[in-house]
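Worksheet: the structure to be examined is printed underneath.
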Number of protein chains: 2
Amino acid sequence: MMRKPTIDDVAREAGVSKGLVSLALNGRPGVSAAARERIDAAAAELGWRPSTNARSLAMKRAYSLGLVVRRDPSTFEADPFFAAYVAGVESVLAAHGQVLVLSVVPDHETETQTYRRLIADQRVDGFLLTDLLESDPRIELIAGLGGRAVTLGRPQGESPFPAVTRDYASGIESLLTHLAELGHRRVAHVAGDENMQHARTRLERHREVADRLGLETVVEHTDFSPEQGMDATRRLLARPDRPTAIVYANDPMAFAGIAVAHELGLDLPGELSIAGMDGSDMGRFVYPTLTTLDNDPAGWGRASTQALLDLVERGQAADVPLPPAALIVRASTTAPTATA
Amino acid sequence: MMRKPTIDDVAREAGVSKGLVSLALNGRPGVSAAARERIDAAAAELGWRPSTNARSLAMKRAYSLGLVVRRDPSTFEADPFFAAYVAGVESVLAAHGQVLVLSVVPDHETETQTYRRLIADQRVDGFLLTDLLESDPRIELIAGLGGRAVTLGRPQGESPFPAVTRDYASGIESLLTHLAELGHRRVAHVAGDENMQHARTRLERHREVADRLGLETVVEHTDFSPEQGMDATRRLLARPDRPTAIVYANDPMAFAGIAVAHELGLDLPGELSIAGMDGSDMGRFVYPTLTTLDNDPAGWGRASTQALLDLVERGQAADVPLPPAALIVRASTTAPTATA
């Protein structure tokens, strides 16, 4: 009867220890070229193929990265960042023969359990931390459990993990300067979920630059959803001192803002300039096409995945500053008409 | 020195075989209540916790499902079905303590390698097959490798796998009847990628129902992208016998169609009625709000995941017919104005 060869058979045939086969298999240092050759020859002769499970058990490597997203499914659907980000992650993982373990969780408790379980079961080698919070408990949790991670953005507090960052400050300055040069004086900001770090930094930067440029600013707060973006737009356009331009902290809210303006019969972009952030693809398929700040979610995906693989494989990885977010001027921003 | 207890220690302490511990642990039949009690007691006394890796090796179970998506990243980003589908998948997996292994691949060759690798390495217990092709090579590939899968839609040829299906035929009939009753006589269809099964069935059904209702139909072919939806709309609106209504085979193309109509200065919906398919959330945040056929991607996610778990755990699963796609009438469809 044919029996499937095991790692023990390979070790016996090659005349080395099982541990050495394991080291050779994982491309670790400490295996002589001669031993490596004998192991390869023995494996080929026996027709032995390592299973990932066996590799993982031997070396405590899962050959998987984890992405745990805490979201309400409906905001998840409306967020163009996510799919493009995952595509970037996958492009790097595919080149390394590794996979993404994805978990979408509804609340903080399930989120914590999920991290604990994935680490305890050694199902992933590290985590990609998106949607960074102002004070993010995941960092202490993962570090405390001996896990590894890379953060998208730099956390407020202490963090032992590498951070991938993108300078949005200069982009916001370019956007507001562009609007000021077109002649706008009242430029509203529709801010995102203030628990999220990037929502707060975008708002703070808007305030700071608007002050410097002498622009009046009204701020509306939202949870980043198009639904709340729509409501915020209605409130802004009902004001007696209605803004001539609205800057939204993400693109989906800007799309909703365009819809409200059409519904109210405003002549776009003359009567209302609109700008988004994050440069989603859909901005090319609305009318008027959307002025926005590029964010390149796929670039975030590639950089954070590469940093995490470096951390897993070499035990350390440097912070990665991505290129500053660039202003993309399209048709939705123009000089305000006299009647506005 | 403290040593971490192993499954062998538990078996010895309980006075049973290691195989029986494995069976008990996986909740399999064939373990007496008395043996199960002894095993639980031994595990508790030794402080033993099964690792998923050990469970997987023992039972050939990965406790993961696989989703391999062959897509260009840009169409991936623009597709609202995907994120909502994944949210539905995750809601079921989370309840079972299992995870999704996600792989995005650029071409057919990488796709085939990915299925082979995931099956050979026992990294997943089965696959969710989305984007079903007219003649889909994945079914034979996976079946030939001894893998398991569930298809979204019923494949044309033979398939050993359960299929989750939704009747779209009655929805398309409702939509065209709605347009006919509003007084439309020229109703165009912007079809999707004809390699994909649902693109063809939607088009065939449109033709059949339009014939029966006495509607004139012009068809434009696309790859499902908003870019091509935009081009198709321009061609349709440039015709001397311009349609008074356009039905798009997915929502993102319908959004692009709305943008083109705004750009051309058409009065919507009077001068052009527009309808999409798949009921994406974004349809509530465009102007005019989009009439569409509901598809409930999260429902597809839940049903296909449950069917696949059934197949993995019980060795068989029945086909799952989802409720027929319902017509959602919003503001983008109305009676054609006399001038149109």
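Ligands are numbered from 1 in the order shown, residues from 1 within each chain, and chains are lettered A, B, ... in the order they appear in the structure tokens.
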
Handout entry: Nearby residues (only C-alpha atoms) at most 12 Å from Gly144 of chain A, same-chain spacing under 2 positions excluded, as an MDAnalysis selection string
Key = chainID A and resid 115:116 119 137:142 146:149 159:160

Generate the output file for the selected residues, N, CA and C atoms, as a PDB file, in the first residue's frame.
```pdb
ATOM      1  N   TYR A 115      -9.407  39.408  17.460  1.00  0.00           N
ATOM      2  CA  TYR A 115      -7.946  39.540  17.548  1.00  0.00           C
ATOM      3  C   TYR A 115      -7.355  38.465  18.467  1.00  0.00           C
ATOM      4  N   ARG A 116      -7.985  38.253  19.619  1.00  0.00           N
ATOM      5  CA  ARG A 116      -7.484  37.247  20.563  1.00  0.00           C
ATOM      6  C   ARG A 116      -7.444  35.865  19.926  1.00  0.00           C
ATOM      7  N   ILE A 119      -4.815  35.450  17.080  1.00  0.00           N
ATOM      8  CA  ILE A 119      -3.454  35.368  17.614  1.00  0.00           C
ATOM      9  C   ILE A 119      -3.246  34.035  18.336  1.00  0.00           C
ATOM     10  N   PRO A 137      -7.492  51.269  21.071  1.00  0.00           N
ATOM     11  CA  PRO A 137      -7.169  50.183  22.006  1.00  0.00           C
ATOM     12  C   PRO A 137      -6.550  48.968  21.335  1.00  0.00           C
ATOM     13  N   ARG A 138      -6.636  48.872  20.008  1.00  0.00           N
ATOM     14  CA  ARG A 138      -6.129  47.676  19.318  1.00  0.00           C
ATOM     15  C   ARG A 138      -4.616  47.546  19.451  1.00  0.00           C
ATOM     16  N   ILE A 139      -3.942  48.701  19.559  1.00  0.00           N
ATOM     17  CA  ILE A 139      -2.478  48.660  19.592  1.00  0.00           C
ATOM     18  C   ILE A 139      -1.980  47.962  20.858  1.00  0.00           C
ATOM     19  N   GLU A 140      -2.535  48.382  22.009  1.00  0.00           N
ATOM     20  CA  GLU A 140      -2.135  47.743  23.265  1.00  0.00           C
ATOM     21  C   GLU A 140      -2.575  46.285  23.294  1.00  0.00           C
ATOM     22  N   LEU A 141      -3.786  46.035  22.793  1.00  0.00           N
ATOM     23  CA  LEU A 141      -4.315  44.663  22.775  1.00  0.00           C
ATOM     24  C   LEU A 141      -3.375  43.733  22.013  1.00  0.00           C
ATOM     25  N   ILE A 142      -3.038  44.115  20.780  1.00  0.00           N
ATOM     26  CA  ILE A 142      -2.223  43.242  19.930  1.00  0.00           C
ATOM     27  C   ILE A 142      -0.806  43.109  20.480  1.00  0.00           C
ATOM     28  N   GLY A 146       1.371  39.703  22.081  1.00  0.00           N
ATOM     29  CA  GLY A 146       2.557  39.267  21.341  1.00  0.00           C
ATOM     30  C   GLY A 146       2.361  39.276  19.832  1.00  0.00           C
ATOM     31  N   GLY A 147       1.321  39.968  19.360  1.00  0.00           N
ATOM     32  CA  GLY A 147       1.063  40.017  17.924  1.00  0.00           C
ATOM     33  C   GLY A 147       1.825  41.145  17.246  1.00  0.00           C
ATOM     34  N   ARG A 148       1.772  41.139  15.925  1.00  0.00           N
ATOM     35  CA  ARG A 148       2.439  42.173  15.145  1.00  0.00           C
ATOM     36  C   ARG A 148       1.400  42.928  14.321  1.00  0.00           C
ATOM     37  N   ALA A 149       1.726  44.188  13.996  1.00  0.00           N
ATOM     38  CA  ALA A 149       0.776  44.980  13.206  1.00  0.00           C
ATOM     39  C   ALA A 149       1.489  46.129  12.523  1.00  0.00           C
ATOM     40  N   SER A 159       3.221  53.527  20.227  1.00  0.00           N
ATOM     41  CA  SER A 159       2.956  52.337  19.419  1.00  0.00           C
ATOM     42  C   SER A 159       4.264  51.661  19.053  1.00  0.00           C
ATOM     43  N   PRO A 160       4.331  50.336  19.247  1.00  0.00           N
ATOM     44  CA  PRO A 160       5.549  49.616  18.889  1.00  0.00           C
ATOM     45  C   PRO A 160       5.571  49.228  17.411  1.00  0.00           C
TER      46      PRO A 160
END
```

Considering only C-alpha atoms, give me a table of residues in chain A that are at most 7 Å from chain B, with the closest atom pair and distance in Å for each, as CSV.
```
residue,atom,partner,partner_atom,distance
A:Ser51,CA,B:Asp121,CA,4.9
A:Thr52,CA,B:Asp121,CA,5.0
A:Asn53,CA,B:Asn53,CA,6.5
A:Leu57,CA,B:Asn53,CA,6.8
A:Pro73,CA,B:Ala87,CA,5.6
A:Phe76,CA,B:Ala83,CA,6.4
A:Glu77,CA,B:Ala83,CA,4.9
A:Ala78,CA,B:Met282,CA,6.7
A:Pro80,CA,B:Glu77,CA,6.1
A:Ala83,CA,B:Glu77,CA,4.9
A:Ala84,CA,B:Glu77,CA,5.1
A:Ala87,CA,B:Pro73,CA,5.6
A:Glu90,CA,B:Val104,CA,5.7
A:Val99,CA,B:Ser103,CA,6.2
A:Leu100,CA,B:Leu102,CA,5.4
A:Val101,CA,B:Val101,CA,4.7
A:Leu102,CA,B:Leu100,CA,5.4
A:Ser103,CA,B:Val99,CA,6.2
A:Val104,CA,B:Glu90,CA,5.7
A:Asp121,CA,B:Ser51,CA,5.1
A:Pro226,CA,B:Phe285,CA,6.8
A:Ala256,CA,B:Phe285,CA,4.9
A:Ala259,CA,B:Tyr287,CA,4.6
A:His262,CA,B:Tyr287,CA,6.3
A:Glu263,CA,B:Tyr287,CA,6.3
A:Asp281,CA,B:Ala78,CA,6.9
A:Met282,CA,B:Ala78,CA,6.7
A:Phe285,CA,B:Ala256,CA,4.9
A:Val286,CA,B:Ala259,CA,4.8
A:Tyr287,CA,B:Ala259,CA,4.6
```

Handout entry: Who sits within 10 Å of Glu313 of chain B, only C-alpha atoms, same chain under 5 positions skipped, as a list of chain:residue names
Key = B:Arg28, B:Arg61, B:Asp125, B:Ala307, B:Leu308

Mind dumping the selected residues with C-alpha atoms as a compact mmCIF listing (two decimals), in the first residue's frame?
```
# COMPACT_ATOMS: atom_id res chain seq x y z
CA ARG B 28 -18.00 14.48 15.62
CA ARG B 61 -10.22 21.15 8.37
CA ASP B 125 -12.49 24.04 3.38
CA ALA B 307 -24.65 26.40 2.09
CA LEU B 308 -20.88 25.98 1.91
```

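Taking atom CA of Leu264 of chain B as the reference point, atom CA of His178 of chain B is found at 25.5 Å.
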
Exercise for the section: Go through B:Leu268, B:Val164, B:Leu152, B:Val329 and flag the residue nearest Leu176 of chain B, using only C-alpha atoms for the distances. Expected result: B:Val329

Taking 4 positions as the minimum chain separation for residues in the same chain, which residues sit within 9 Å of Glu194 of chain B when counting only C-alpha atoms? Answer as a compact mmCIF listing (two decimals) with N, CA and C atoms, in the first residue's frame.
```txt
# COMPACT_ATOMS: atom_id res chain seq x y z
N LEU B 133 -19.05 32.42 -14.92
CA LEU B 133 -18.92 32.60 -16.37
C LEU B 133 -19.90 31.69 -17.10
N GLU B 134 -20.16 32.02 -18.37
CA GLU B 134 -21.06 31.20 -19.18
C GLU B 134 -20.57 29.76 -19.20
N HIS B 198 -24.75 36.20 -15.73
CA HIS B 198 -25.89 37.05 -15.38
C HIS B 198 -26.07 38.19 -16.38
N ALA B 199 -24.98 38.61 -17.05
CA ALA B 199 -25.12 39.64 -18.08
C ALA B 199 -25.99 39.12 -19.23
N ARG B 200 -25.74 37.88 -19.64
CA ARG B 200 -26.49 37.30 -20.76
C ARG B 200 -27.93 37.02 -20.41
N HIS B 221 -23.43 46.97 -25.72
CA HIS B 221 -22.65 46.00 -24.95
C HIS B 221 -21.49 46.68 -24.20
N THR B 222 -21.23 46.26 -22.99
CA THR B 222 -20.16 46.84 -22.16
C THR B 222 -19.47 45.73 -21.37
N ASP B 223 -18.49 46.14 -20.57
CA ASP B 223 -17.81 45.21 -19.65
C ASP B 223 -18.29 45.42 -18.21
```

Exercise for the section: Step one, run DSSP on the backbone; step two, keep only residues of segment 218-336 of chain B assigned to strand (DSSP E); then write them as a list in words. Expected result: Val219, Glu220, His221, Ala245, Ile246, Val247, Tyr248, Ser273, Ile274, Ala275, Thr292, Leu293, Val320, Pro321, Leu322, Leu327 and Ile328 of chain B

Handout entry: For Ser332 of chain B: contacts at 7 Å, only C-alpha atoms, fewer than 2 positions along chain excluded, given as a list in words
Key =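 Near neighbours after the sequence-gap exclusion: Pro269, Ser273, Ile274, Ala275, Pro288, Thr289, Leu290, Thr291, Arg330 and Thr334 of chain B.
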
Those same residues - N, CA, C and O atoms - I'd like them written as a PDB file, in the first residue's frame.
```
ATOM      1  N   PRO B 269     -36.279  63.280 -14.494  1.00  0.00           N
ATOM      2  CA  PRO B 269     -36.391  62.100 -15.348  1.00  0.00           C
ATOM      3  C   PRO B 269     -37.294  62.306 -16.579  1.00  0.00           C
ATOM      4  O   PRO B 269     -37.409  61.392 -17.379  1.00  0.00           O
ATOM      5  N   SER B 273     -35.832  58.452 -18.682  1.00  0.00           N
ATOM      6  CA  SER B 273     -35.950  57.590 -17.504  1.00  0.00           C
ATOM      7  C   SER B 273     -34.763  56.638 -17.485  1.00  0.00           C
ATOM      8  O   SER B 273     -34.306  56.172 -18.530  1.00  0.00           O
ATOM      9  N   ILE B 274     -34.266  56.383 -16.269  1.00  0.00           N
ATOM     10  CA  ILE B 274     -33.070  55.546 -16.101  1.00  0.00           C
ATOM     11  C   ILE B 274     -33.340  54.523 -15.004  1.00  0.00           C
ATOM     12  O   ILE B 274     -33.909  54.860 -13.959  1.00  0.00           O
ATOM     13  N   ALA B 275     -32.941  53.270 -15.256  1.00  0.00           N
ATOM     14  CA  ALA B 275     -33.056  52.242 -14.214  1.00  0.00           C
ATOM     15  C   ALA B 275     -31.782  51.412 -14.175  1.00  0.00           C
ATOM     16  O   ALA B 275     -31.127  51.217 -15.197  1.00  0.00           O
ATOM     17  N   PRO B 288     -31.677  62.088 -10.205  1.00  0.00           N
ATOM     18  CA  PRO B 288     -32.752  61.582  -9.340  1.00  0.00           C
ATOM     19  C   PRO B 288     -32.385  60.226  -8.734  1.00  0.00           C
ATOM     20  O   PRO B 288     -31.607  59.487  -9.318  1.00  0.00           O
ATOM     21  N   THR B 289     -32.987  59.937  -7.559  1.00  0.00           N
ATOM     22  CA  THR B 289     -32.725  58.642  -6.916  1.00  0.00           C
ATOM     23  C   THR B 289     -33.095  57.522  -7.885  1.00  0.00           C
ATOM     24  O   THR B 289     -34.033  57.651  -8.662  1.00  0.00           O
ATOM     25  N   LEU B 290     -32.344  56.428  -7.823  1.00  0.00           N
ATOM     26  CA  LEU B 290     -32.364  55.424  -8.896  1.00  0.00           C
ATOM     27  C   LEU B 290     -33.398  54.312  -8.709  1.00  0.00           C
ATOM     28  O   LEU B 290     -33.387  53.596  -7.706  1.00  0.00           O
ATOM     29  N   THR B 291     -34.254  54.159  -9.715  1.00  0.00           N
ATOM     30  CA  THR B 291     -35.111  52.971  -9.804  1.00  0.00           C
ATOM     31  C   THR B 291     -34.216  51.781 -10.160  1.00  0.00           C
ATOM     32  O   THR B 291     -33.362  51.880 -11.038  1.00  0.00           O
ATOM     33  N   ARG B 330     -37.975  54.376  -7.711  1.00  0.00           N
ATOM     34  CA  ARG B 330     -37.589  55.652  -7.108  1.00  0.00           C
ATOM     35  C   ARG B 330     -37.860  56.754  -8.126  1.00  0.00           C
ATOM     36  O   ARG B 330     -38.717  56.588  -9.010  1.00  0.00           O
ATOM     37  N   THR B 334     -40.152  58.001 -14.885  1.00  0.00           N
ATOM     38  CA  THR B 334     -41.434  58.713 -14.904  1.00  0.00           C
ATOM     39  C   THR B 334     -41.983  58.654 -16.325  1.00  0.00           C
ATOM     40  O   THR B 334     -41.352  58.085 -17.220  1.00  0.00           O
TER      41      THR B 334
END
```

Problem - Residues near Ser170 of chain A, cut-off 12 Å, only C-alpha atoms, skip fewer than 6 positions along chain, as number ranges by chain - result: A: 176-177, 202, 205-206, 208-209, 293-294, 323-327

Since we have the selection now, will you write its residues out, keeping N, CA, C and O atoms, as a PDB file, in the first residue's frame?
```
ATOM      1  N   LEU A 176      -7.858  74.435  -0.576  1.00  0.00           N
ATOM      2  CA  LEU A 176      -8.442  75.690  -0.110  1.00  0.00           C
ATOM      3  C   LEU A 176      -7.847  76.884  -0.852  1.00  0.00           C
ATOM      4  O   LEU A 176      -8.544  77.871  -1.123  1.00  0.00           O
ATOM      5  N   THR A 177      -6.579  76.809  -1.189  1.00  0.00           N
ATOM      6  CA  THR A 177      -5.951  77.874  -1.974  1.00  0.00           C
ATOM      7  C   THR A 177      -6.613  77.967  -3.354  1.00  0.00           C
ATOM      8  O   THR A 177      -6.919  79.051  -3.854  1.00  0.00           O
ATOM      9  N   ARG A 202      -8.183  66.207   9.331  1.00  0.00           N
ATOM     10  CA  ARG A 202      -8.662  66.930   8.148  1.00  0.00           C
ATOM     11  C   ARG A 202      -9.409  68.196   8.548  1.00  0.00           C
ATOM     12  O   ARG A 202      -9.229  69.251   7.938  1.00  0.00           O
ATOM     13  N   ARG A 205      -6.964  70.853  10.033  1.00  0.00           N
ATOM     14  CA  ARG A 205      -6.180  71.459   8.964  1.00  0.00           C
ATOM     15  C   ARG A 205      -7.031  72.445   8.159  1.00  0.00           C
ATOM     16  O   ARG A 205      -6.557  73.526   7.790  1.00  0.00           O
ATOM     17  N   HIS A 206      -8.273  72.073   7.874  1.00  0.00           N
ATOM     18  CA  HIS A 206      -9.165  72.967   7.131  1.00  0.00           C
ATOM     19  C   HIS A 206      -9.294  74.299   7.884  1.00  0.00           C
ATOM     20  O   HIS A 206      -9.143  75.375   7.310  1.00  0.00           O
ATOM     21  N   GLU A 208      -7.369  75.676  10.124  1.00  0.00           N
ATOM     22  CA  GLU A 208      -6.090  76.381  10.185  1.00  0.00           C
ATOM     23  C   GLU A 208      -5.800  77.115   8.869  1.00  0.00           C
ATOM     24  O   GLU A 208      -5.477  78.307   8.851  1.00  0.00           O
ATOM     25  N   VAL A 209      -5.958  76.394   7.740  1.00  0.00           N
ATOM     26  CA  VAL A 209      -5.652  76.995   6.442  1.00  0.00           C
ATOM     27  C   VAL A 209      -6.694  78.062   6.092  1.00  0.00           C
ATOM     28  O   VAL A 209      -6.352  79.133   5.580  1.00  0.00           O
ATOM     29  N   LEU A 293      -9.062  65.203  -3.393  1.00  0.00           N
ATOM     30  CA  LEU A 293      -7.653  64.973  -3.070  1.00  0.00           C
ATOM     31  C   LEU A 293      -7.357  63.508  -3.298  1.00  0.00           C
ATOM     32  O   LEU A 293      -8.049  62.634  -2.768  1.00  0.00           O
ATOM     33  N   ASP A 294      -6.348  63.238  -4.087  1.00  0.00           N
ATOM     34  CA  ASP A 294      -5.979  61.865  -4.375  1.00  0.00           C
ATOM     35  C   ASP A 294      -5.560  61.180  -3.080  1.00  0.00           C
ATOM     36  O   ASP A 294      -5.010  61.802  -2.180  1.00  0.00           O
ATOM     37  N   PRO A 323       3.716  59.425  -0.716  1.00  0.00           N
ATOM     38  CA  PRO A 323       3.770  60.785  -1.274  1.00  0.00           C
ATOM     39  C   PRO A 323       2.567  61.604  -0.787  1.00  0.00           C
ATOM     40  O   PRO A 323       1.494  61.046  -0.576  1.00  0.00           O
ATOM     41  N   PRO A 324       2.735  62.915  -0.605  1.00  0.00           N
ATOM     42  CA  PRO A 324       1.613  63.764  -0.151  1.00  0.00           C
ATOM     43  C   PRO A 324       0.405  63.636  -1.080  1.00  0.00           C
ATOM     44  O   PRO A 324       0.567  63.405  -2.280  1.00  0.00           O
ATOM     45  N   ALA A 325      -0.797  63.784  -0.517  1.00  0.00           N
ATOM     46  CA  ALA A 325      -2.035  63.707  -1.303  1.00  0.00           C
ATOM     47  C   ALA A 325      -2.090  64.881  -2.283  1.00  0.00           C
ATOM     48  O   ALA A 325      -1.964  66.041  -1.888  1.00  0.00           O
ATOM     49  N   ALA A 326      -2.287  64.568  -3.559  1.00  0.00           N
ATOM     50  CA  ALA A 326      -2.297  65.623  -4.575  1.00  0.00           C
ATOM     51  C   ALA A 326      -3.721  66.092  -4.870  1.00  0.00           C
ATOM     52  O   ALA A 326      -4.667  65.305  -4.798  1.00  0.00           O
ATOM     53  N   LEU A 327      -3.831  67.389  -5.206  1.00  0.00           N
ATOM     54  CA  LEU A 327      -5.132  67.953  -5.591  1.00  0.00           C
ATOM     55  C   LEU A 327      -5.469  67.525  -7.019  1.00  0.00           C
ATOM     56  O   LEU A 327      -4.653  67.664  -7.930  1.00  0.00           O
TER      57      LEU A 327
END
```

Handout entry: atom CA of Asn250 of chain A to atom CA of Val187 of chain A, distance in Å rounded to a single decimal
Key =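 Distance between the two atoms: 15.7 Å.
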
Handout entry: Nearest candidate to Gln197 of chain A (options A:Val312, A:Leu132, A:Ala14, A:Leu67; using only C-alpha atoms)
Key =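 Of A:Val312, A:Leu132, A:Ala14, A:Leu67, the one nearest Gln197 of chain A is A:Leu132, counting only C-alpha atoms.
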
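Residues with any atom within 10 Å of Ala43 of chain B, counting only C-alpha atoms and excluding same-chain neighbours fewer than 2 positions away, are Pro5, Thr6, Ile7, Asp9, Val10, Ala11, Glu13, Ala14, Val21, Glu37, Arg38, Ile39, Asp40, Ala41, Glu45, Leu46, Gly47, Trp48, Arg49 and Pro50 of chain B.
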
Atoms kept (N, CA, C and O atoms) for selection, written as a PDB file, in the first residue's frame:
```pdb
ATOM      1  N   PRO B   5       0.987  21.576  27.586  1.00  0.00           N
ATOM      2  CA  PRO B   5       0.397  20.251  27.400  1.00  0.00           C
ATOM      3  C   PRO B   5       0.032  20.018  25.933  1.00  0.00           C
ATOM      4  O   PRO B   5      -0.296  20.956  25.220  1.00  0.00           O
ATOM      5  N   THR B   6       0.129  18.764  25.502  1.00  0.00           N
ATOM      6  CA  THR B   6      -0.207  18.422  24.123  1.00  0.00           C
ATOM      7  C   THR B   6      -1.446  17.543  24.104  1.00  0.00           C
ATOM      8  O   THR B   6      -1.928  17.093  25.149  1.00  0.00           O
ATOM      9  N   ILE B   7      -1.912  17.263  22.897  1.00  0.00           N
ATOM     10  CA  ILE B   7      -3.075  16.402  22.727  1.00  0.00           C
ATOM     11  C   ILE B   7      -2.761  14.989  23.228  1.00  0.00           C
ATOM     12  O   ILE B   7      -3.635  14.294  23.753  1.00  0.00           O
ATOM     13  N   ASP B   9      -0.890  14.302  25.862  1.00  0.00           N
ATOM     14  CA  ASP B   9      -1.056  14.343  27.323  1.00  0.00           C
ATOM     15  C   ASP B   9      -2.529  14.181  27.691  1.00  0.00           C
ATOM     16  O   ASP B   9      -2.882  13.475  28.630  1.00  0.00           O
ATOM     17  N   VAL B  10      -3.385  14.868  26.938  1.00  0.00           N
ATOM     18  CA  VAL B  10      -4.818  14.805  27.225  1.00  0.00           C
ATOM     19  C   VAL B  10      -5.321  13.380  27.011  1.00  0.00           C
ATOM     20  O   VAL B  10      -6.066  12.833  27.839  1.00  0.00           O
ATOM     21  N   ALA B  11      -4.887  12.750  25.909  1.00  0.00           N
ATOM     22  CA  ALA B  11      -5.314  11.382  25.606  1.00  0.00           C
ATOM     23  C   ALA B  11      -4.868  10.431  26.724  1.00  0.00           C
ATOM     24  O   ALA B  11      -5.639   9.596  27.202  1.00  0.00           O
ATOM     25  N   GLU B  13      -4.047  11.170  29.885  1.00  0.00           N
ATOM     26  CA  GLU B  13      -4.769  11.498  31.120  1.00  0.00           C
ATOM     27  C   GLU B  13      -6.204  10.955  31.088  1.00  0.00           C
ATOM     28  O   GLU B  13      -6.706  10.451  32.086  1.00  0.00           O
ATOM     29  N   ALA B  14      -6.845  11.038  29.918  1.00  0.00           N
ATOM     30  CA  ALA B  14      -8.236  10.589  29.810  1.00  0.00           C
ATOM     31  C   ALA B  14      -8.340   9.086  29.563  1.00  0.00           C
ATOM     32  O   ALA B  14      -9.430   8.517  29.626  1.00  0.00           O
ATOM     33  N   VAL B  21      -9.754  11.952  21.064  1.00  0.00           N
ATOM     34  CA  VAL B  21      -9.709  13.343  21.534  1.00  0.00           C
ATOM     35  C   VAL B  21     -10.040  14.266  20.361  1.00  0.00           C
ATOM     36  O   VAL B  21     -10.824  15.215  20.475  1.00  0.00           O
ATOM     37  N   GLU B  37     -16.756  13.253  28.498  1.00  0.00           N
ATOM     38  CA  GLU B  37     -16.593  13.851  29.831  1.00  0.00           C
ATOM     39  C   GLU B  37     -15.158  13.699  30.341  1.00  0.00           C
ATOM     40  O   GLU B  37     -14.587  14.634  30.887  1.00  0.00           O
ATOM     41  N   ARG B  38     -14.600  12.505  30.179  1.00  0.00           N
ATOM     42  CA  ARG B  38     -13.221  12.264  30.623  1.00  0.00           C
ATOM     43  C   ARG B  38     -12.244  13.183  29.867  1.00  0.00           C
ATOM     44  O   ARG B  38     -11.322  13.736  30.440  1.00  0.00           O
ATOM     45  N   ILE B  39     -12.502  13.325  28.561  1.00  0.00           N
ATOM     46  CA  ILE B  39     -11.620  14.170  27.744  1.00  0.00           C
ATOM     47  C   ILE B  39     -11.705  15.636  28.187  1.00  0.00           C
ATOM     48  O   ILE B  39     -10.686  16.311  28.374  1.00  0.00           O
ATOM     49  N   ASP B  40     -12.945  16.115  28.385  1.00  0.00           N
ATOM     50  CA  ASP B  40     -13.128  17.502  28.841  1.00  0.00           C
ATOM     51  C   ASP B  40     -12.436  17.727  30.183  1.00  0.00           C
ATOM     52  O   ASP B  40     -11.786  18.758  30.403  1.00  0.00           O
ATOM     53  N   ALA B  41     -12.605  16.756  31.078  1.00  0.00           N
ATOM     54  CA  ALA B  41     -12.010  16.881  32.410  1.00  0.00           C
ATOM     55  C   ALA B  41     -10.480  16.907  32.321  1.00  0.00           C
ATOM     56  O   ALA B  41      -9.815  17.723  32.971  1.00  0.00           O
ATOM     57  N   GLU B  45      -8.050  19.945  33.409  1.00  0.00           N
ATOM     58  CA  GLU B  45      -7.047  19.743  34.443  1.00  0.00           C
ATOM     59  C   GLU B  45      -5.653  20.147  33.950  1.00  0.00           C
ATOM     60  O   GLU B  45      -4.878  20.772  34.667  1.00  0.00           O
ATOM     61  N   LEU B  46      -5.364  19.809  32.705  1.00  0.00           N
ATOM     62  CA  LEU B  46      -4.036  20.098  32.155  1.00  0.00           C
ATOM     63  C   LEU B  46      -3.935  21.531  31.613  1.00  0.00           C
ATOM     64  O   LEU B  46      -2.853  21.985  31.252  1.00  0.00           O
ATOM     65  N   GLY B  47      -5.057  22.223  31.549  1.00  0.00           N
ATOM     66  CA  GLY B  47      -5.043  23.582  30.983  1.00  0.00           C
ATOM     67  C   GLY B  47      -4.725  23.550  29.499  1.00  0.00           C
ATOM     68  O   GLY B  47      -4.087  24.439  28.954  1.00  0.00           O
ATOM     69  N   TRP B  48      -5.227  22.501  28.852  1.00  0.00           N
ATOM     70  CA  TRP B  48      -4.918  22.319  27.431  1.00  0.00           C
ATOM     71  C   TRP B  48      -5.933  23.033  26.553  1.00  0.00           C
ATOM     72  O   TRP B  48      -7.132  22.998  26.805  1.00  0.00           O
ATOM     73  N   ARG B  49      -5.443  23.746  25.530  1.00  0.00           N
ATOM     74  CA  ARG B  49      -6.318  24.468  24.618  1.00  0.00           C
ATOM     75  C   ARG B  49      -5.924  24.048  23.201  1.00  0.00           C
ATOM     76  O   ARG B  49      -4.767  24.190  22.824  1.00  0.00           O
ATOM     77  N   PRO B  50      -6.866  23.534  22.428  1.00  0.00           N
ATOM     78  CA  PRO B  50      -6.484  23.082  21.084  1.00  0.00           C
ATOM     79  C   PRO B  50      -6.098  24.278  20.222  1.00  0.00           C
ATOM     80  O   PRO B  50      -6.740  25.325  20.283  1.00  0.00           O
TER      81      PRO B  50
END
```

Exercise for the section: Point out the residue among B:Pro162, B:Pro155, B:Gly15, B:Pro240 with the least atom-to-atom distance to Phe127 of chain B, counting only C-alpha atoms. Expected result: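 Smallest separation from Phe127 of chain B among the options: B:Pro162.
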
Practice task
May I ask for the distance between atom CA of His96 of chain B and atom CA of Leu128 of chain B, given in Å to one decimal place?
Solution key: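 A separation of 16.4 Å between them.
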